[in-house]
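As provided, coords21.cif (mmCIF, C-alpha atoms (C1' of nucleotides)) reads as follows.
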```cif
data_query
#
loop_
_atom_site.label_atom_id
_atom_site.label_comp_id
_atom_site.auth_asym_id
_atom_site.auth_seq_id
_atom_site.Cartn_x
_atom_site.Cartn_y
_atom_site.Cartn_z
CA MET A 1 0.00 0.00 0.00
CA LYS A 2 0.92 3.62 -0.24
CA ILE A 3 1.39 5.59 2.95
CA LYS A 4 -1.64 6.77 4.83
CA TYR A 5 -1.63 9.95 6.87
CA ASN A 6 -3.92 10.13 9.89
CA LEU A 7 -4.47 13.50 11.48
CA ILE A 8 -5.16 12.90 15.15
CA LYS A 9 -5.64 16.44 16.34
CA THR A 10 -4.57 20.04 16.01
CA ASP A 11 -3.43 22.05 19.01
CA LYS A 12 -6.23 24.33 20.20
CA ASN A 13 -4.01 27.37 20.23
CA CYS A 14 -2.10 27.11 16.96
CA LYS A 15 -1.72 25.09 13.79
CA ALA A 16 0.54 22.44 15.34
CA ARG A 17 -0.72 19.00 14.35
CA LEU A 18 -0.45 15.58 15.86
CA GLY A 19 -0.72 12.65 13.50
CA ASN A 20 0.85 9.51 12.16
CA ILE A 21 1.86 7.98 8.89
CA GLU A 22 1.13 4.33 8.19
CA THR A 23 3.55 2.65 5.84
CA ASN A 24 4.44 -0.87 4.79
CA TYR A 25 7.33 -0.62 7.19
CA GLY A 26 5.40 0.51 10.22
CA THR A 27 3.75 3.61 11.56
CA VAL A 28 5.61 6.79 12.42
CA GLU A 29 4.24 9.66 14.44
CA THR A 30 4.24 13.30 13.41
CA PRO A 31 5.53 15.92 13.90
CA MET A 32 8.77 14.14 13.23
CA PHE A 33 12.37 14.70 12.35
CA MET A 34 14.03 12.58 9.69
CA PRO A 35 17.79 11.95 9.81
CA VAL A 36 19.49 12.19 6.46
CA GLY A 37 21.09 9.10 4.96
CA THR A 38 22.12 10.56 1.65
CA ARG A 39 24.11 7.64 0.31
CA ALA A 40 22.02 4.90 1.89
CA THR A 41 23.54 5.42 5.30
CA VAL A 42 23.12 8.00 8.02
CA LYS A 43 26.76 9.00 8.07
CA SER A 44 28.72 6.89 10.55
CA LEU A 45 25.66 5.27 12.18
CA SER A 46 24.29 1.76 11.85
CA PRO A 47 20.55 1.35 11.26
CA GLU A 48 20.29 -0.05 14.78
CA GLU A 49 21.82 3.10 16.18
CA VAL A 50 19.48 5.31 14.17
CA LEU A 51 16.59 3.28 15.52
CA GLU A 52 17.96 3.60 19.03
CA CYS A 53 17.91 7.36 18.59
CA GLY A 54 14.16 6.97 18.19
CA SER A 55 13.98 7.60 14.50
CA GLY A 56 11.57 5.40 12.58
CA ILE A 57 12.24 6.94 9.18
CA ILE A 58 15.20 8.18 7.18
CA LEU A 59 15.84 10.15 4.03
CA ALA A 60 17.99 8.93 1.15
CA ASN A 61 19.06 10.76 -1.93
CA THR A 62 18.16 9.98 -5.51
CA TYR A 63 21.00 11.87 -7.13
CA HIS A 64 23.74 10.24 -5.10
CA LEU A 65 22.34 6.71 -5.39
CA TRP A 66 21.78 7.22 -9.11
CA LEU A 67 25.49 7.90 -9.60
CA ARG A 68 26.68 5.27 -7.15
CA PRO A 69 25.91 2.44 -6.99
CA GLY A 70 23.13 3.05 -9.53
CA GLU A 71 19.43 2.36 -9.07
CA ASP A 72 19.60 -0.95 -10.94
CA ILE A 73 22.08 -2.36 -8.48
CA VAL A 74 19.94 -1.27 -5.56
CA LYS A 75 16.98 -2.90 -7.24
CA LYS A 76 18.92 -6.11 -7.78
CA CYS A 77 19.78 -6.07 -4.10
CA GLY A 78 16.11 -6.08 -3.30
CA GLY A 79 15.46 -2.36 -3.01
CA LEU A 80 16.79 0.26 -0.68
CA HIS A 81 15.40 -1.26 2.54
CA LYS A 82 17.11 -4.58 2.00
CA PHE A 83 20.19 -3.01 0.48
CA MET A 84 20.92 -0.90 3.56
CA ASN A 85 19.23 -3.13 6.10
CA TRP A 86 16.77 -0.48 7.18
CA ASN A 87 13.39 -1.88 8.06
CA GLY A 88 11.63 1.40 8.58
CA PRO A 89 10.13 3.77 6.03
CA ILE A 90 12.40 5.68 3.65
CA LEU A 91 11.80 8.97 1.93
CA THR A 92 13.85 9.83 -1.14
CA ASP A 93 14.70 13.31 -2.26
CA SER A 94 14.34 13.86 -5.99
CA GLY A 95 17.75 15.26 -6.77
CA GLY A 96 16.31 18.72 -7.26
CA PHE A 97 18.34 20.14 -4.44
CA GLN A 98 21.57 18.61 -5.73
CA VAL A 99 21.05 20.37 -9.03
CA PHE A 100 20.74 23.63 -7.16
CA SER A 101 23.71 22.80 -4.99
CA LEU A 102 25.89 21.73 -7.90
CA ALA A 103 24.88 24.77 -9.86
CA LYS A 104 26.07 27.04 -7.09
CA ASN A 105 29.63 26.78 -8.29
CA LYS A 106 29.27 25.62 -11.84
CA LYS A 107 27.26 26.53 -14.82
CA LYS A 108 23.89 24.87 -14.79
CA ASP A 109 21.68 24.36 -17.75
CA ILE A 110 18.05 24.21 -16.78
CA THR A 111 15.84 23.53 -19.74
CA GLU A 112 12.21 22.53 -20.07
CA GLU A 113 13.33 18.95 -20.56
CA GLY A 114 15.35 18.80 -17.37
CA VAL A 115 18.71 19.81 -15.99
CA HIS A 116 22.04 19.25 -17.70
CA PHE A 117 24.99 19.23 -15.37
CA LYS A 118 28.24 17.48 -14.68
CA SER A 119 28.81 14.62 -12.30
CA HIS A 120 30.67 15.70 -9.21
CA ILE A 121 32.54 12.40 -9.34
CA ASP A 122 34.02 12.21 -12.81
CA GLY A 123 32.75 15.30 -14.57
CA SER A 124 30.68 13.33 -17.06
CA LYS A 125 27.67 15.05 -18.54
CA LEU A 126 24.37 14.14 -16.95
CA LEU A 127 20.75 14.91 -17.65
CA LEU A 128 18.23 14.60 -14.88
CA THR A 129 14.60 14.92 -15.90
CA PRO A 130 11.36 14.64 -13.92
CA GLU A 131 10.73 11.25 -15.54
CA LYS A 132 14.23 10.00 -14.81
CA SER A 133 14.06 11.08 -11.17
CA ILE A 134 10.78 9.25 -10.61
CA GLU A 135 12.00 6.20 -12.48
CA ILE A 136 15.07 6.03 -10.25
CA GLN A 137 12.99 6.47 -7.11
CA ASN A 138 10.60 3.75 -8.29
CA LYS A 139 13.52 1.38 -8.58
CA LEU A 140 15.01 2.40 -5.27
CA ASP A 141 11.64 1.44 -3.85
CA SER A 142 11.46 4.12 -1.18
CA ASP A 143 8.16 4.58 0.62
CA ILE A 144 7.86 8.24 -0.21
CA ALA A 145 9.19 9.79 -3.41
CA MET A 146 9.57 13.46 -4.20
CA SER A 147 8.65 15.19 -7.41
CA PHE A 148 11.59 16.62 -9.30
CA ASP A 149 11.49 20.35 -8.65
CA GLU A 150 13.66 23.33 -9.30
CA CYS A 151 15.14 24.67 -6.10
CA PRO A 152 16.13 28.25 -6.85
CA PRO A 153 18.64 30.19 -4.77
CA ALA A 154 17.41 32.54 -2.07
CA SER A 155 18.68 35.43 -4.15
CA ALA A 156 16.42 34.66 -7.12
CA ASP A 157 14.19 37.55 -8.14
CA TYR A 158 10.44 37.49 -8.56
CA GLU A 159 10.44 36.91 -12.31
CA TYR A 160 12.82 34.02 -11.98
CA LEU A 161 10.78 32.47 -9.19
CA LYS A 162 7.57 32.86 -11.16
CA ASN A 163 9.01 30.95 -14.11
CA SER A 164 10.54 28.44 -11.76
CA VAL A 165 7.21 27.77 -10.04
CA GLU A 166 5.52 27.21 -13.38
CA ARG A 167 8.26 24.90 -14.57
CA THR A 168 8.16 22.94 -11.33
CA LEU A 169 4.42 22.43 -11.83
CA ARG A 170 4.95 21.08 -15.32
CA TRP A 171 7.68 18.82 -14.04
CA ALA A 172 5.43 17.58 -11.24
CA GLU A 173 2.82 16.63 -13.77
CA ARG A 174 5.32 14.79 -15.95
CA GLY A 175 6.71 12.93 -12.97
CA LYS A 176 3.29 11.92 -11.75
CA LYS A 177 2.48 10.47 -15.16
CA VAL A 178 5.39 8.04 -15.08
CA HIS A 179 5.13 7.15 -11.40
CA LYS A 180 4.33 3.45 -11.31
CA ASN A 181 5.41 1.96 -7.98
CA PRO A 182 2.15 0.98 -6.22
CA ASN A 183 3.86 0.83 -2.83
CA GLN A 184 5.35 4.28 -3.08
CA ALA A 185 3.74 7.59 -2.23
CA LEU A 186 4.57 10.64 -4.33
CA PHE A 187 4.75 14.16 -2.93
CA GLY A 188 4.37 17.44 -4.79
CA ILE A 189 6.60 20.38 -3.90
CA VAL A 190 5.49 23.93 -3.32
CA GLN A 191 7.93 26.64 -4.46
CA GLY A 192 7.69 30.40 -4.82
CA GLY A 193 10.29 31.89 -2.48
CA PRO A 194 8.97 34.37 0.08
CA HIS A 195 6.22 35.69 -2.20
CA GLU A 196 2.64 35.20 -1.08
CA ASP A 197 1.05 35.08 -4.51
CA LEU A 198 3.62 32.65 -5.89
CA ARG A 199 3.33 30.31 -2.92
CA LYS A 200 -0.45 30.42 -3.16
CA PHE A 201 -0.38 29.72 -6.87
CA SER A 202 2.20 26.97 -6.50
CA ALA A 203 0.33 25.31 -3.63
CA GLU A 204 -3.10 25.48 -5.25
CA GLU A 205 -1.89 24.14 -8.57
CA THR A 206 0.14 21.39 -6.95
CA VAL A 207 -2.78 20.32 -4.78
CA LYS A 208 -4.97 20.08 -7.87
CA MET A 209 -2.73 17.24 -9.03
CA ASN A 210 -3.69 15.32 -5.93
CA PHE A 211 -0.40 14.10 -4.50
CA ASP A 212 -0.06 11.81 -1.49
CA GLY A 213 1.55 14.58 0.50
CA TYR A 214 3.05 18.02 0.05
CA SER A 215 6.47 19.46 0.56
CA ILE A 216 7.48 23.03 1.08
CA GLY A 217 10.67 23.54 -0.85
CA GLY A 218 13.13 26.26 -1.61
CA VAL A 219 13.76 27.11 2.02
CA ALA A 220 16.90 26.91 4.11
CA ASN A 221 19.05 27.84 1.15
CA ASP A 222 22.18 29.79 1.82
CA GLY A 223 21.60 33.40 2.56
CA GLU A 224 17.88 32.99 3.18
CA SER A 225 16.65 34.92 6.19
CA LYS A 226 14.57 33.28 8.89
CA GLU A 227 11.78 35.73 8.08
CA ASP A 228 11.70 34.58 4.47
CA MET A 229 11.63 30.96 5.57
CA TYR A 230 8.70 31.56 7.89
CA LYS A 231 6.93 33.54 5.18
CA ALA A 232 7.38 30.68 2.76
CA ILE A 233 5.69 28.37 5.25
CA ASP A 234 2.93 30.79 6.20
CA TYR A 235 2.09 31.49 2.57
CA SER A 236 2.02 27.80 1.60
CA ILE A 237 0.25 26.01 4.43
CA PRO A 238 -3.25 27.56 4.07
CA TYR A 239 -3.63 26.02 0.63
CA LEU A 240 -2.58 22.52 1.59
CA PRO A 241 -5.27 19.97 2.49
CA GLU A 242 -5.71 19.11 6.16
CA ASP A 243 -5.74 15.39 5.49
CA LYS A 244 -2.36 15.25 3.77
CA VAL A 245 1.03 15.33 5.40
CA ARG A 246 3.27 18.39 5.06
CA TYR A 247 7.01 18.22 4.79
CA LEU A 248 9.36 21.19 5.18
CA MET A 249 12.41 20.22 3.21
CA GLY A 250 15.86 20.63 4.61
CA VAL A 251 14.98 22.25 7.89
CA GLY A 252 16.43 21.07 11.11
CA ASP A 253 17.59 23.86 13.35
CA PRO A 254 15.68 23.27 16.63
CA ILE A 255 14.17 26.74 16.54
CA ASP A 256 13.09 26.39 12.92
CA ILE A 257 11.54 23.02 13.67
CA LEU A 258 9.41 24.57 16.40
CA GLU A 259 8.50 27.52 14.19
CA GLY A 260 7.53 25.08 11.44
CA ILE A 261 5.43 22.92 13.72
CA MET A 262 3.61 25.96 15.02
CA ARG A 263 2.75 26.82 11.43
CA GLY A 264 1.40 23.35 10.62
CA VAL A 265 4.38 21.37 9.34
CA ASP A 266 4.55 17.63 10.07
CA ILE A 267 7.91 16.42 8.73
CA PHE A 268 11.42 17.84 8.79
CA ASP A 269 14.75 16.58 7.60
CA CYS A 270 18.17 18.06 7.95
CA VAL A 271 21.86 17.28 7.67
CA LEU A 272 22.61 19.67 10.51
CA PRO A 273 22.72 17.18 13.41
CA THR A 274 25.19 14.90 11.66
CA ARG A 275 27.18 17.61 9.94
CA ILE A 276 27.79 19.78 12.98
CA ALA A 277 28.54 16.60 14.92
CA ARG A 278 31.42 15.81 12.59
CA HIS A 279 32.67 19.32 13.21
CA GLY A 280 32.48 18.89 16.96
CA GLN A 281 29.25 20.62 17.85
CA ALA A 282 26.29 19.41 19.85
CA PHE A 283 22.75 20.56 20.48
CA THR A 284 21.76 21.05 24.09
CA HIS A 285 18.68 22.59 25.66
CA THR A 286 20.68 25.69 26.51
CA GLY A 287 21.99 26.07 22.98
CA LYS A 288 24.63 24.66 20.72
CA ILE A 289 28.00 23.86 22.26
CA ASN A 290 31.34 23.38 20.54
CA LEU A 291 33.31 20.43 21.88
CA ASN A 292 36.41 21.89 20.24
CA ASN A 293 36.45 24.58 22.90
CA SER A 294 39.39 24.24 25.24
CA LYS A 295 37.15 24.71 28.26
CA TYR A 296 35.97 21.12 27.85
CA LYS A 297 39.47 19.65 28.09
CA GLU A 298 38.92 18.33 31.59
CA ASP A 299 35.12 18.35 31.65
CA LEU A 300 33.95 15.03 33.03
CA SER A 301 30.25 15.69 32.49
CA SER A 302 28.22 14.28 29.62
CA VAL A 303 27.31 16.42 26.62
CA GLU A 304 23.95 17.07 28.18
CA ASP A 305 22.81 16.17 31.66
CA GLY A 306 19.73 14.00 31.61
CA CYS A 307 20.03 13.00 27.97
CA ASP A 308 19.21 9.35 27.42
CA CYS A 309 21.37 8.79 24.35
CA TYR A 310 24.22 6.30 24.11
CA CYS A 311 26.74 9.13 23.94
CA CYS A 312 25.56 10.91 27.06
CA LYS A 313 25.08 7.71 29.03
CA ASN A 314 28.65 6.57 28.47
CA TYR A 315 31.07 9.34 27.57
CA THR A 316 32.44 12.60 28.93
CA LYS A 317 32.93 15.89 27.15
CA ALA A 318 36.66 15.57 27.83
CA TYR A 319 36.79 12.29 25.95
CA ILE A 320 34.72 13.52 23.03
CA ARG A 321 36.76 16.72 22.81
CA HIS A 322 39.85 14.58 22.61
CA LEU A 323 38.41 12.43 19.83
CA ILE A 324 37.31 15.49 17.87
CA SER A 325 40.63 17.24 18.27
CA VAL A 326 42.65 14.26 17.09
CA ASP A 327 40.24 13.69 14.24
CA GLU A 328 38.97 10.31 15.33
CA THR A 329 35.69 9.50 13.60
CA PHE A 330 34.24 8.01 16.75
CA GLY A 331 33.86 11.53 18.14
CA GLY A 332 31.64 12.61 15.29
CA ARG A 333 29.76 9.36 15.57
CA LEU A 334 28.97 9.90 19.24
CA LEU A 335 27.90 13.48 18.63
CA SER A 336 25.77 12.39 15.66
CA ILE A 337 23.97 9.99 17.94
CA HIS A 338 23.45 12.72 20.49
CA ASN A 339 22.31 15.35 18.00
CA ILE A 340 19.85 13.06 16.26
CA ARG A 341 18.51 11.90 19.59
CA PHE A 342 18.20 15.54 20.65
CA LEU A 343 15.99 16.43 17.69
CA ILE A 344 13.95 13.25 17.96
CA ARG A 345 13.44 13.92 21.65
CA LEU A 346 12.37 17.44 20.77
CA THR A 347 9.64 16.06 18.53
CA GLU A 348 8.61 13.51 21.16
CA GLU A 349 8.14 16.32 23.66
CA VAL A 350 6.31 18.38 21.06
CA ARG A 351 3.87 15.56 20.36
CA GLN A 352 3.06 15.29 24.04
CA ALA A 353 2.61 19.05 24.23
CA ILE A 354 0.21 19.06 21.30
CA LYS A 355 -1.71 16.24 22.93
CA ASP A 356 -2.11 18.52 25.94
CA ASP A 357 -2.85 21.62 23.82
CA ARG A 358 0.17 23.35 25.22
CA PHE A 359 2.49 23.47 22.25
CA LEU A 360 2.91 27.24 22.43
CA ASP A 361 3.87 27.01 26.11
CA TYR A 362 6.33 24.27 25.32
CA LYS A 363 7.83 26.33 22.53
CA ARG A 364 8.14 29.41 24.70
CA GLU A 365 9.81 27.42 27.47
CA PHE A 366 12.20 25.84 25.01
CA LEU A 367 13.17 29.14 23.43
CA ASN A 368 13.68 30.74 26.84
CA LYS A 369 16.39 28.22 27.60
CA TYR A 370 17.87 27.81 24.14
CA LYS A 371 20.51 30.48 23.60
CA THR A 372 21.57 31.30 20.06
CA LYS A 373 23.88 34.22 20.79
"C1'" G B 1 91.76 25.13 22.70
"C1'" C B 2 91.35 26.64 17.39
"C1'" G B 3 88.38 27.06 12.88
"C1'" C B 4 83.70 27.34 10.56
"C1'" C B 5 78.40 27.74 10.44
"C1'" G B 6 74.09 28.88 12.88
"C1'" U B 7 70.54 31.15 16.73
"C1'" U B 8 63.35 34.56 13.76
"C1'" G B 9 56.18 32.88 17.26
"C1'" G B 10 53.84 26.82 20.28
"C1'" U B 11 56.37 24.07 15.92
"C1'" G B 12 58.64 23.93 10.75
"C1'" A B 13 60.47 27.86 8.66
"C1'" A B 14 60.61 32.58 4.60
"C1'" G B 15 62.60 37.45 4.61
"C1'" U B 16 64.39 42.82 4.42
"C1'" G B 17 68.95 48.75 6.40
"C1'" G B 18 63.04 52.21 6.54
"C1'" U B 19 55.24 52.28 7.47
"C1'" U B 20 51.52 46.53 9.54
"C1'" A B 21 57.87 40.19 9.81
"C1'" A B 22 55.61 35.62 4.22
"C1'" C B 23 53.70 30.83 4.32
"C1'" A B 24 52.39 26.17 6.65
"C1'" C B 25 51.01 23.41 10.87
"C1'" G B 26 49.30 24.02 15.73
"C1'" C B 27 46.37 26.78 18.94
"C1'" U B 28 41.84 30.03 19.89
"C1'" A B 29 36.96 31.28 18.45
"C1'" G B 30 32.98 31.29 14.94
"C1'" U B 31 29.97 29.29 10.75
"C1'" U B 32 27.26 25.01 8.91
"C1'" U B 33 19.44 23.99 7.42
"C1'" G B 34 16.06 18.61 0.75
"C1'" U B 35 25.23 16.74 2.72
"C1'" G B 36 29.97 18.05 -4.26
"C1'" G B 37 31.93 19.45 3.10
"C1'" C B 38 36.24 16.14 8.53
"C1'" A B 39 34.92 21.89 5.16
"C1'" C B 40 34.84 27.15 5.48
"C1'" U B 41 35.83 32.10 8.03
"C1'" A B 42 38.50 34.94 11.45
"C1'" G B 43 42.28 35.67 15.23
"C1'" U B 44 47.02 34.22 16.76
"C1'" A B 45 55.69 37.19 17.12
"C1'" U B 46 54.99 45.54 19.75
"C1'" G B 47 59.11 41.22 18.07
"C1'" C B 48 63.69 38.28 14.91
"C1'" A B 49 69.47 34.69 21.30
"C1'" U B 50 71.80 38.73 24.87
"C1'" G B 51 74.73 43.27 25.22
"C1'" A B 52 77.20 47.22 22.84
"C1'" G B 53 78.39 49.88 18.34
"C1'" U B 54 77.69 52.03 13.10
"C1'" U B 55 73.35 54.77 11.08
"C1'" C B 56 68.47 59.79 10.58
"C1'" G B 57 66.76 54.58 11.21
"C1'" A B 58 68.71 47.68 12.37
"C1'" U B 59 65.65 41.75 12.98
"C1'" U B 60 68.77 42.82 8.58
"C1'" C B 61 75.84 45.71 8.98
"C1'" U B 62 80.14 45.39 12.97
"C1'" C B 63 82.09 43.57 17.66
"C1'" A B 64 81.60 40.89 22.20
"C1'" U B 65 78.96 37.22 25.14
"C1'" A B 66 75.76 32.86 25.63
"C1'" C B 67 73.91 28.52 23.48
"C1'" G B 68 73.95 24.72 19.48
"C1'" A B 69 75.97 21.86 15.03
"C1'" C B 70 80.23 20.37 12.33
"C1'" G B 71 85.69 19.97 11.54
"C1'" C B 72 90.82 19.87 13.51
"C1'" C B 73 94.50 19.27 17.54
#
```
Can the structure in the file be given as structure tokens, please?
Amino acid sequence: MKIKYNLIKTDKNCKARLGNIETNYGTVETPMFMPVGTRATVKSLSPEEVLECGSGIILANTYHLWLRPGEDIVKKCGGLHKFMNWNGPILTDSGGFQVFSLAKNKKKDITEEGVHFKSHIDGSKLLLTPEKSIEIQNKLDSDIAMSFDECPPASADYEYLKNSVERTLRWAERGKKVHKNPNQALFGIVQGGPHEDLRKFSAEETVKMNFDGYSIGGVANDGESKEDMYKAIDYSIPYLPEDKVRYLMGVGDPIDILEGIMRGVDIFDCVLPTRIARHGQAFTHTGKINLNNSKYKEDLSSVEDGCDCYCCKNYTKAYIRHLISVDETFGGRLLSIHNIRFLIRLTEEVRQAIKDDRFLDYKREFLNKYKTK
RNA sequence: GCGCCGUUGGUGAAGUGGUUAACACGCUAGUUUGUGGCACUAGUAUGCAUGAGUUCGAUUCUCAUACGACGCC
């Protein structure tokens, strides 16, 4: 079966929603945070460890798996779940973001047909089209596939965004036509930058195509202000159906997650917890800390008091600082576990708060403690 | 004892008679939002072994001293 989204309730005081998603690989509760496993692995963690962090779902990336090992190999191995030994649901990104990301430094060639660009591995010329992206995702056999969209930079002007929104709609339609996997849901993506009319248009037109869920894209790009991100959400959500799940792509700063939930978002994903972990930083309820800092040299406390993760239950800051400073991968691994657990725990607490209709109180209390400086 | 060479920051080292002493590593701090990232950004010697001299001016020239390397007796 395809996924099924069940809305359980909405917080009385805001748009925060409590729900769950039924999939062939079990049910996951929303709001939720999805760790990123770009190349069929959440960097440095085993599936068991990801599960132990409380995550029931992960994200994998179409572009990267297309290049290596190739979707046919994954298919031969029995699909992505079997291939990577992950028995929970998997969401695949369409590759749209990679095109944007690759095009940041190099010349991109976005045409009506698709996007021409060069492989980051060997420089060979590639063409990714809406049809190709869906075909790859079908073969990967993820539970949730994304439409192939254009993810414009935050600096794009109105005219560019308008054209981009229209092109993304045409691409969504083309992708939907070739989508064949009966066990895989397909999401449409809302674009339009921070502009109210473009978001409205994009959302309404995308919803008309009747996707299994809806993503809000084009946010969290470099240089984008928080205000623009929140606008993008505010201007998209009202036009999305209540009974379909909403996914804010690429967002994972704790504050942004709470802001998103308050505005009606159900799913988040982000590389932040694992990336900053590899660079020595950890989320805590009082803000982000940097284990590189010399003040932790002799600190025998855990990364965060009261945290129930494997890292905090067994290791000191002094030890982790040492690992990070001598470049041992175990340090980043421990912090990845902690950071993912931190965000998952955040969503667990949020779900309870929504149950009690006190999400806004929870959010206020969290923000009071969480220093960004 | 004599000869010869050397002595620049935490480390390896560039360099010049004249405003701010290159670069690298390290160290310190910051950044990171659908992962081309173990990456990026910034800071880090008021001082060039010590003392004296030459000079308008010396880390750069001269002499002495200390320390170190090498060679000879």
Fill in: Residues within 9 Å of U55 (chain B), only C-alpha atoms (C1' of nucleotides), excluding chain neighbours under 2 positions, as a list in words
G17, G57 and A58 of chain B
Worksheet item: the PyMOL selection byres ((chain B) within 9 of (chain A)) on the file shown: which residues, as a ChimeraX atom specification?
Response: /B:28-29,32-39
Worksheet item: Quick one: distance from CA of Arg167 (chain A) to CA of Thr62 (chain A) in Å, one decimal?
Response: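 Separating CA of Arg167 (chain A) from CA of Thr62 (chain A) is a distance of 20.1 Å.
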Worksheet item: Just so the selection is clear, what residues does the PyMOL selection byres ((chain B and resi 27) around 9) cover here, as a ChimeraX atom specification?
Response: /B:10,26,28,44
Worksheet item: With distances taken over only C-alpha atoms, which of A:Gln191, A:Ser147, A:Ser155, A:Ser44 is nearest to Lys177 (chain A)?
Response: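 Going through A:Gln191, A:Ser147, A:Ser155, A:Ser44 one by one, the smallest distance to Lys177 (chain A) is for A:Ser147.
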Item to complete: Calculate how many Å separate CA of Ile320 (chain A) from CA of Asn368 (chain A), rounding to one decimal.
Response: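 So the answer is 27.5 Å.
For the atom pair formed by CA of Arg174 (chain A) and CA of Asp149 (chain A), the distance is 11.1 Å, given to one decimal.
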Worksheet item: Looking at all atoms listed in the file, which of A:Ala277, A:Val207, A:Ile8, A:Leu18 is the one that sits closest to Ile354 (chain A)?
Response: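 Nearest to Ile354 (chain A): A:Leu18.
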Worksheet item: When distances are computed from only C-alpha atoms (C1' of nucleotides), which of B:U65, B:U59, B:U16, B:U7 shows the smallest separation from A45 (chain B)?
Response: B:U59
Worksheet entry | Contact residues around Arg321 (chain A) with only C-alpha atoms (C1' of nucleotides) at 7 Å, ignoring same-chain residues under 6 positions, as number ranges by chain | A: 291-292, 296-297
Discussion item. Going by the chain IDs and residue numbers used in this file, which residues fall under the PyMOL selection byres ((chain A and resi 156) around 12)? Write them as number ranges by chain.
Written reply: A: 100, 150-155, 157-165, 191-195, 218, 221-224
Requested write-out: C-alpha atoms of the selected residues, as a PDB file, in the frame of the given file:
```pdb
ATOM      1  CA  PHE A 100      20.740  23.630  -7.160  1.00  0.00           C
ATOM      2  CA  GLU A 150      13.660  23.330  -9.300  1.00  0.00           C
ATOM      3  CA  CYS A 151      15.140  24.670  -6.100  1.00  0.00           C
ATOM      4  CA  PRO A 152      16.130  28.250  -6.850  1.00  0.00           C
ATOM      5  CA  PRO A 153      18.640  30.190  -4.770  1.00  0.00           C
ATOM      6  CA  ALA A 154      17.410  32.540  -2.070  1.00  0.00           C
ATOM      7  CA  SER A 155      18.680  35.430  -4.150  1.00  0.00           C
ATOM      8  CA  ASP A 157      14.190  37.550  -8.140  1.00  0.00           C
ATOM      9  CA  TYR A 158      10.440  37.490  -8.560  1.00  0.00           C
ATOM     10  CA  GLU A 159      10.440  36.910 -12.310  1.00  0.00           C
ATOM     11  CA  TYR A 160      12.820  34.020 -11.980  1.00  0.00           C
ATOM     12  CA  LEU A 161      10.780  32.470  -9.190  1.00  0.00           C
ATOM     13  CA  LYS A 162       7.570  32.860 -11.160  1.00  0.00           C
ATOM     14  CA  ASN A 163       9.010  30.950 -14.110  1.00  0.00           C
ATOM     15  CA  SER A 164      10.540  28.440 -11.760  1.00  0.00           C
ATOM     16  CA  VAL A 165       7.210  27.770 -10.040  1.00  0.00           C
ATOM     17  CA  GLN A 191       7.930  26.640  -4.460  1.00  0.00           C
ATOM     18  CA  GLY A 192       7.690  30.400  -4.820  1.00  0.00           C
ATOM     19  CA  GLY A 193      10.290  31.890  -2.480  1.00  0.00           C
ATOM     20  CA  PRO A 194       8.970  34.370   0.080  1.00  0.00           C
ATOM     21  CA  HIS A 195       6.220  35.690  -2.200  1.00  0.00           C
ATOM     22  CA  GLY A 218      13.130  26.260  -1.610  1.00  0.00           C
ATOM     23  CA  ASN A 221      19.050  27.840   1.150  1.00  0.00           C
ATOM     24  CA  ASP A 222      22.180  29.790   1.820  1.00  0.00           C
ATOM     25  CA  GLY A 223      21.600  33.400   2.560  1.00  0.00           C
ATOM     26  CA  GLU A 224      17.880  32.990   3.180  1.00  0.00           C
TER      27      GLU A 224
END
```
Discussion item. Can you tell me which residues surround Asp356 (chain A) at a distance of at most 12 Å, considering all atoms listed in the file, apart from same-chain residues fewer than 2 positions away, and format the answer as a list in words?
Written reply: Lys9, Thr10, Asp11, Lys12, Asn13, Ala16, Arg17, Leu18, Glu349, Val350, Arg351, Gln352, Ala353, Ile354, Arg358, Phe359, Leu360, Asp361 and Tyr362 of chain A
Discussion item. Set the distance at 12 Å and use only C-alpha atoms (C1' of nucleotides): which residues neighbour Asn210 (chain A) once local chain neighbours fewer than 4 positions away are removed? I'd like the list as a count of residues only.
Written reply: 17
Practice prompt. Compare A:Ile237, A:Val74, A:Ile344, A:Ala40 by their minimum atom-to-atom distance to Ser202 (chain A), counting all atoms listed in the file, and give me the closest one.
Written response: A:Ile237
Dig up all the protein and nucleic acid residues within 6 Å of (12.8, 3.8, 1.7) in the file frame, using all atoms listed in the file, and format them as a PDB file with C-alpha atoms, in the coordinates of the input.
```
ATOM      1  CA  LEU A  80      16.790   0.260  -0.680  1.00  0.00           C
ATOM      2  CA  HIS A  81      15.400  -1.260   2.540  1.00  0.00           C
ATOM      3  CA  PRO A  89      10.130   3.770   6.030  1.00  0.00           C
ATOM      4  CA  ILE A  90      12.400   5.680   3.650  1.00  0.00           C
ATOM      5  CA  LEU A  91      11.800   8.970   1.930  1.00  0.00           C
ATOM      6  CA  SER A 142      11.460   4.120  -1.180  1.00  0.00           C
ATOM      7  CA  ASP A 143       8.160   4.580   0.620  1.00  0.00           C
TER       8      ASP A 143
END
```
With all atoms listed in the file counted, which protein, DNA or RNA residues have an atom no more than 9 Å from (10.5, 30.8, 19.5) in the file frame? Please answer as an mmCIF file with C-alpha atoms, in the coordinates of the input.
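And here is the file that came out, out.cif:
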```cif
data_model
loop_
_atom_site.group_PDB
_atom_site.id
_atom_site.type_symbol
_atom_site.label_atom_id
_atom_site.label_comp_id
_atom_site.auth_asym_id
_atom_site.auth_seq_id
_atom_site.Cartn_x
_atom_site.Cartn_y
_atom_site.Cartn_z
ATOM 1 C CA ILE A 255 14.170 26.740 16.540
ATOM 2 C CA ASP A 256 13.090 26.390 12.920
ATOM 3 C CA LEU A 258 9.410 24.570 16.400
ATOM 4 C CA GLU A 259 8.500 27.520 14.190
ATOM 5 C CA LEU A 360 2.910 27.240 22.430
ATOM 6 C CA LYS A 363 7.830 26.330 22.530
ATOM 7 C CA ARG A 364 8.140 29.410 24.700
ATOM 8 C CA GLU A 365 9.810 27.420 27.470
ATOM 9 C CA PHE A 366 12.200 25.840 25.010
ATOM 10 C CA LEU A 367 13.170 29.140 23.430
ATOM 11 C CA ASN A 368 13.680 30.740 26.840
#
```
